[in-house]
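Student: Right, I'll just put the structure down here and ask away after.
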Amino acid sequence: MGPVAGSLVLGRLAAARGRQAAVLIALAVAVLIPVLIGASTQITADAALGRALQRLPVGERSAIVSFNGFLTPDELAAMDRLSRDRLADLTQGPVRRQLVHRTLSDGSGVDFVLAATDGLAGAVRLVSGRMPAGCTPQRCEVVEIEATTGDLAGAQPRVADLGLVVVGTVRRSDPLLLSGTFGIDGRTPVLLADGVGPVTGVSAFSAIGHSYGWVGELDRSVISARGVQGWIGVVDAAADALVRGRPGTILTVPESGVAAELDRADASASRFSLLAGGCGLLLLGAAMIGGAALRPDVLRFAEALRRRGLGPVRIRVVVLGEALVLVVAAGLVGLGLGAGAAGVLLADAGLLTRAAVGEALVSALPMVIGLLAAAFALLAIVLRPGAANEPAAWRAVTGSAAGALAALVLIASRGSADSSRPDSLLVALPALLLLSAALLAARTWPWLVRAVLRLLPRRAVAARLAVTGIAGRPLIAASCLALLVAAIGATGFAASYRATLDRGALDQAAFAVPTDVRVTSGSRPVLAEASLADYARLAPGSTVVPVLRQAGSLKVGAGRTDVIQFVGTDPAALTGIRRWSAVVGDPDPRAVAGRIDVAKASAGLGLPAGSVMKIALRRELPDVLVIAWLRAADGRESAVHLASKDDVLVGELPAGRWSLASLAVSQDEGAGTRRQHRLGESASTAEIPSGVIGLGSVTVDGAAVDNPWGAWNGEGLTIAPGGAWADFTYRITAASAFVWSTPIPAGAPGSSVPLRVAADPVTAAQSSTLTLTLAGQSVTAQVVATLPRFPTVSGRFVLADADGLGPLFSRLTPGAGQPGEIWLGLPDLPDLPDSGTTDEVRTAFAAAPFDGVTAQWSAGVARDLRTDPVAQGAQRVLFLAALATLAVALAAVVLLVVGERTEDAAEFLTWEAGGLRPGLLRRALWGRAVLIVVVAVPAGVVAGLALTVLTARLVRLTAGAGVPQPPLVPVVGAGTAIPLVLGAFVVALAVAAGVALTSFREEEPRW
């Protein structure tokens, strides 16, 4: 560009008087959006990382260096330097060194662990006694970590002969002490010495295997700054250095959990950045609207230059120079605004640093450069001097609309996408649908204008003048309309999708926790920790629902089976499942309950209250083991080993009232092992253990049971008339041989009555009568109802009455018929409780007898989903992009009025000279903006609703990149979108009205 062209460009920009404002604002905001996306991505990743670390046990939020073996003092010192040096790249705060010996026994039946750490006083809190004063090879003072759980709680090992002296009791105050890979079973006493070095010299333990460890708290800032791959690279480098320094050294970090959470954040940000990028493209279109509005002025300027002797090439250079300066200026303004906005967002999240703002700018550069390059190319075309080819422009709009619609239909026809079936095209659906809606609105605009003009009465002079003026330049108005439709659609989608996710959080919480609280336990049955009465006492009016669950299988083809979950509950409790219709997808829980309901089965032979049960033997007991399986009225089961003494089988009963459900006969461990050896050493089968057990009277603490054997059944059982005695001729072909006092349950082998179940649609479609496999045996089930889903169950399932399923479980596997979880419903508890009842129940769950169970709250699950950093980050991106687009769209409305006033100034003066009042002309000018807004609002609302519905149905992922169960239900976010959009348009139309009121008094334009 020569000096003449340069001076012309600078002079024109100096005299622009805001003519380029539309282009500058639209492009600046388009550049702003990628920067905001970059900042939001950082915030989301950091919050997701913090949440992932927070959910880990305190001791596992760490990096641990461990070495199992023996080290000399010099080797230990070198290992200490190496470990601390490598952990410095991964952790923050002090690194704790510790040592743990393998579990030993004191010879009296008490196991214990000897451990040590440096700076013991800073890692524990003294409960009783005193802290260790020293440790020598012959006498080492230690303290015992206070035991709070397990059978050995309070037991102190006898270690004086080993050179250990217990001088006190302590509690851990440092969560890193004996954590992670150095964690010790809470039932094993732990003796702690002060100092790793001295303990290695204790004589009695010099040959005992032990592990050294160095542990430090993970540095969250390092992970956030480096990202997933960068952090994993640091971990790998540290692990390699440790192995090179000391072969056999292991570095342990929660790598998979952290990486999965950050990958989830990246996936969600990428998906929703597509929509934000689509908003950026729409803003690019807004810039083109401004360029089109600027074109008449550019043509007049070019004509003036031509009359003054400037050639076509120089004129084109001047116009291109103006476009280039506009684009560069908009880019700089947008980056500056983006840096400021990113700084505000990052500061609010506590992440404000120059590096963080710089990272947001750098991450946005590829999209920014692409947007600015496209803007310059399009402006060069729009502003090119010469005759405008409007028909070609309309043909381009038509072709683009048709192409966008075809692509939309094609993508939608590909089916839904989820985390197991990702579809990069399908997640582009939001931006494509908005683009399609915008192009369709633009293409139908001329037809709509002509229709409105025909419908307006002749007396509506101002309205007819407004429509006539717009009809004269439909391309600019259509472009403004397209931008408004897309902006309203994006805003409506952001609000509706947020409302959809809020509704989905409640549905997913009810799916995971069907009532208020779901109670589970670890290795012990849930009713072994607390009784049904204990749960009922938690809050007056509570409902306590025991639930049974076990995995089985169903044959679906040659050589192929599917896992199927057996679930049992009280049918009457189905009406208490929260949000039934949304969670299950079935309209009537009462109908399902009526179909699966069965009569309560007998628990077995009722036993009198007491502590010792005796079964008289009618003959000498063979060399076998006999176990009595007991069942309580609440579903609990207990195994009692019966010992043979003086021709009587004797067993101690647990507290409570019980029924004798079955007897199991098996070989003792030694006989079973010898038989297995014989089977392995011989091609022929070994003998099958068999014999006869004569069973007589049954008493509990001397109280006899009437007719004890009359209702029993089982293979090889012979019952005397009246049921006073029975002979059990057993053959142990499996682990045990059984006889039962309960009738054969429905569905069990030997029963002619199938188990009545409700099944998922796939299972129900296979057959109305199913042959399932459970515990290796065939179970017959009749499908009496179909449920699309059932809470807590993923995949295929059958739902049955717990009164029928419990006896079936017990029949196939004794002990398996007791509830595995409790669904607890508290009285009048809303979705998000904050009441005294809730606090009292939460406090109760932290104390005995509930301290051995895990309570999962439906409200807590919903709150976690709503506050998921990844979901919140995605929503933030949606709203920022939508609001930015809406703001530019509203500015476009105002600038449209300004442009119309400038372009039609002569025509307005002619009308005024012809007798039309200035007020009427001003209404006609303002009416052009009103007409576009009135058309754009319903079209944008429809686009937003369509986008919400299609996204919920086809992109089966939450904003947190998880597959929702149950599926999302589209919800209109009217409470947020309507006030926002209406308020914005009121402001825009008010400003446009102000422009109209000051019209027709402008000075002559200057060049």
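The chains in the structure tokens are called A, B, ... from first to last as shown; in each chain the residues are counted from 1, and the ligands are counted from 1 in the order shown.
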List as a list in words the protein and nucleic acid residues near A:Asp562, meaning an atom at most 12 Å away when only C-alpha atoms are counted, but skip any in the same chain fewer than 3 places from it.
Tutor: Ala551, Gly552, Ser553, Leu554, Lys555, Val556, Gly557, Ala558, Gly559, Gln565, Val762, Thr763, Leu772, Thr773, Gly795, Arg796 and Phe797 of chain A
Student: Considering only C-alpha atoms, state which residue in the set A:Thr569, A:Thr520, A:Thr733, A:Gln777 is at the smallest distance from A:Ile822.
Tutor: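 Among the listed residues, A:Thr520 lies closest to A:Ile822.
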Student: I'd like the contact shell of A:Ala887 - 9 Å cut-off, only C-alpha atoms, skipping same-chain residues fewer than 5 positions apart - returned as a PyMOL selection string.
Tutor: chain A and resi 487+882+892+984
Student: As a VMD selection string, please: all residues of stretch 528-716 of chain A that backbone DSSP puts in helix (DSSP H, G or I).
Tutor: chain A and resid 528 to 529 532 to 536 571 to 576 580 to 584 589 to 596 669 to 681
Student: Find the residues around stretch 196-204 of chain A up to 6 Å (only C-alpha atoms counted), leave out those fewer than 6 positions away in its own chain, and share them as a list of chain:residue names.
Tutor: A:Ala116, A:Thr117, A:Asp118, A:Cys135, A:Pro137, A:Leu162
Student: Just how far from atom CA of A:Glu255 is atom CA of A:Ser83, in Å to one decimal?
Tutor: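 Interatomic distance, atom CA of A:Ser83 to atom CA of A:Glu255: 18.3 Å.
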Student: Residues at most 9 Å from A:Glu652, counting only C-alpha atoms, excluding those fewer than 5 positions away in the same chain, as a ChimeraX atom specification?
Tutor: /A:611-614,640-642
Student: Save out the residues we just selected, N, CA, C and O atoms, as an mmCIF file, in the first residue's frame.
Tutor:
data_model
loop_
_atom_site.group_PDB
_atom_site.id
_atom_site.type_symbol
_atom_site.label_atom_id
_atom_site.label_comp_id
_atom_site.auth_asym_id
_atom_site.auth_seq_id
_atom_site.Cartn_x
_atom_site.Cartn_y
_atom_site.Cartn_z
ATOM 1 N N SER A 611 -30.857 -69.840 73.602
ATOM 2 C CA SER A 611 -29.483 -69.636 73.154
ATOM 3 C C SER A 611 -28.810 -70.907 72.642
ATOM 4 O O SER A 611 -27.816 -70.825 71.927
ATOM 5 N N VAL A 612 -29.335 -72.105 73.009
ATOM 6 C CA VAL A 612 -28.700 -73.362 72.594
ATOM 7 C C VAL A 612 -29.750 -74.264 71.958
ATOM 8 O O VAL A 612 -30.791 -74.548 72.555
ATOM 9 N N MET A 613 -29.459 -74.682 70.737
ATOM 10 C CA MET A 613 -30.340 -75.614 70.039
ATOM 11 C C MET A 613 -29.679 -76.995 70.033
ATOM 12 O O MET A 613 -28.467 -77.112 69.806
ATOM 13 N N LYS A 614 -30.523 -78.030 70.259
ATOM 14 C CA LYS A 614 -30.039 -79.404 70.237
ATOM 15 C C LYS A 614 -30.933 -80.236 69.333
ATOM 16 O O LYS A 614 -32.162 -80.110 69.372
ATOM 17 N N VAL A 640 -25.162 -71.729 61.730
ATOM 18 C CA VAL A 640 -24.746 -72.224 63.045
ATOM 19 C C VAL A 640 -24.102 -73.595 62.850
ATOM 20 O O VAL A 640 -24.736 -74.530 62.337
ATOM 21 N N HIS A 641 -22.852 -73.723 63.210
ATOM 22 C CA HIS A 641 -22.144 -74.997 63.115
ATOM 23 C C HIS A 641 -22.573 -75.895 64.274
ATOM 24 O O HIS A 641 -22.500 -75.497 65.442
ATOM 25 N N LEU A 642 -23.037 -77.092 63.928
ATOM 26 C CA LEU A 642 -23.520 -78.028 64.938
ATOM 27 C C LEU A 642 -22.428 -79.035 65.272
ATOM 28 O O LEU A 642 -21.881 -79.687 64.379
#
Student: Do you have the atom CA of A:Ala39-atom CA of A:Gly227 distance handy?
Tutor: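 Distance reported for this atom pair: 14.1 Å.
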Student: Could you list, as a VMD selection string, every residue within 12 Å of A:Pro57, counting only C-alpha atoms and ignoring same-chain residues fewer than 5 positions away?
Tutor: chain A and resid 51 to 52 62 175 to 176 179 to 180 183 217 254
Student: Mind listing the strand (DSSP E) residues of stretch 730-965 of chain A, per DSSP on the backbone, as a PyMOL selection string?
Tutor: chain A and resi 730-731+737-740+755-759+769-774+777-786+796-801+821-825+853-857
Student: Could you name the residues that touch stretch 590-598 of chain A at 6 Å or less, counting only C-alpha atoms, but leaving out those on the same chain fewer than 4 positions away, as a count of residues only?
Tutor: 5
Student: Find the residue from A:Arg619, A:Arg579, A:Arg631, A:Arg928 that sits nearest to A:Ile693; use only C-alpha atoms when measuring.
Tutor: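 That would be A:Arg619, the residue with the smallest distance to A:Ile693.
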Student: Report, in Å with one decimal, the straight-line distance from atom CA of A:Trp823 to atom CA of A:Val545.
Tutor: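 So the two atoms, atom CA of A:Trp823 and atom CA of A:Val545, lie 5.0 Å apart.
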Student: Determine, using only C-alpha atoms, which residues of stretch 797-909 of chain A have any atom at most 12 Å from an atom of stretch 930-944 of chain A, and tabulate each with its shortest atom pair and distance in Å to one decimal place, rows ordered by chain and then rising number, as a tab-separated table.
Tutor:
residue	atom	partner	partner_atom	distance
A:Ala882	CA	A:Gly944	CA	11.2
A:Leu886	CA	A:Gly940	CA	11.2
A:Ala889	CA	A:Val933	CA	10.3
A:Leu890	CA	A:Val933	CA	9.3
A:Ala892	CA	A:Ile932	CA	11.0
A:Val893	CA	A:Val933	CA	8.2
A:Val894	CA	A:Val930	CA	10.6
A:Leu896	CA	A:Ile932	CA	10.1
A:Val897	CA	A:Val930	CA	10.1
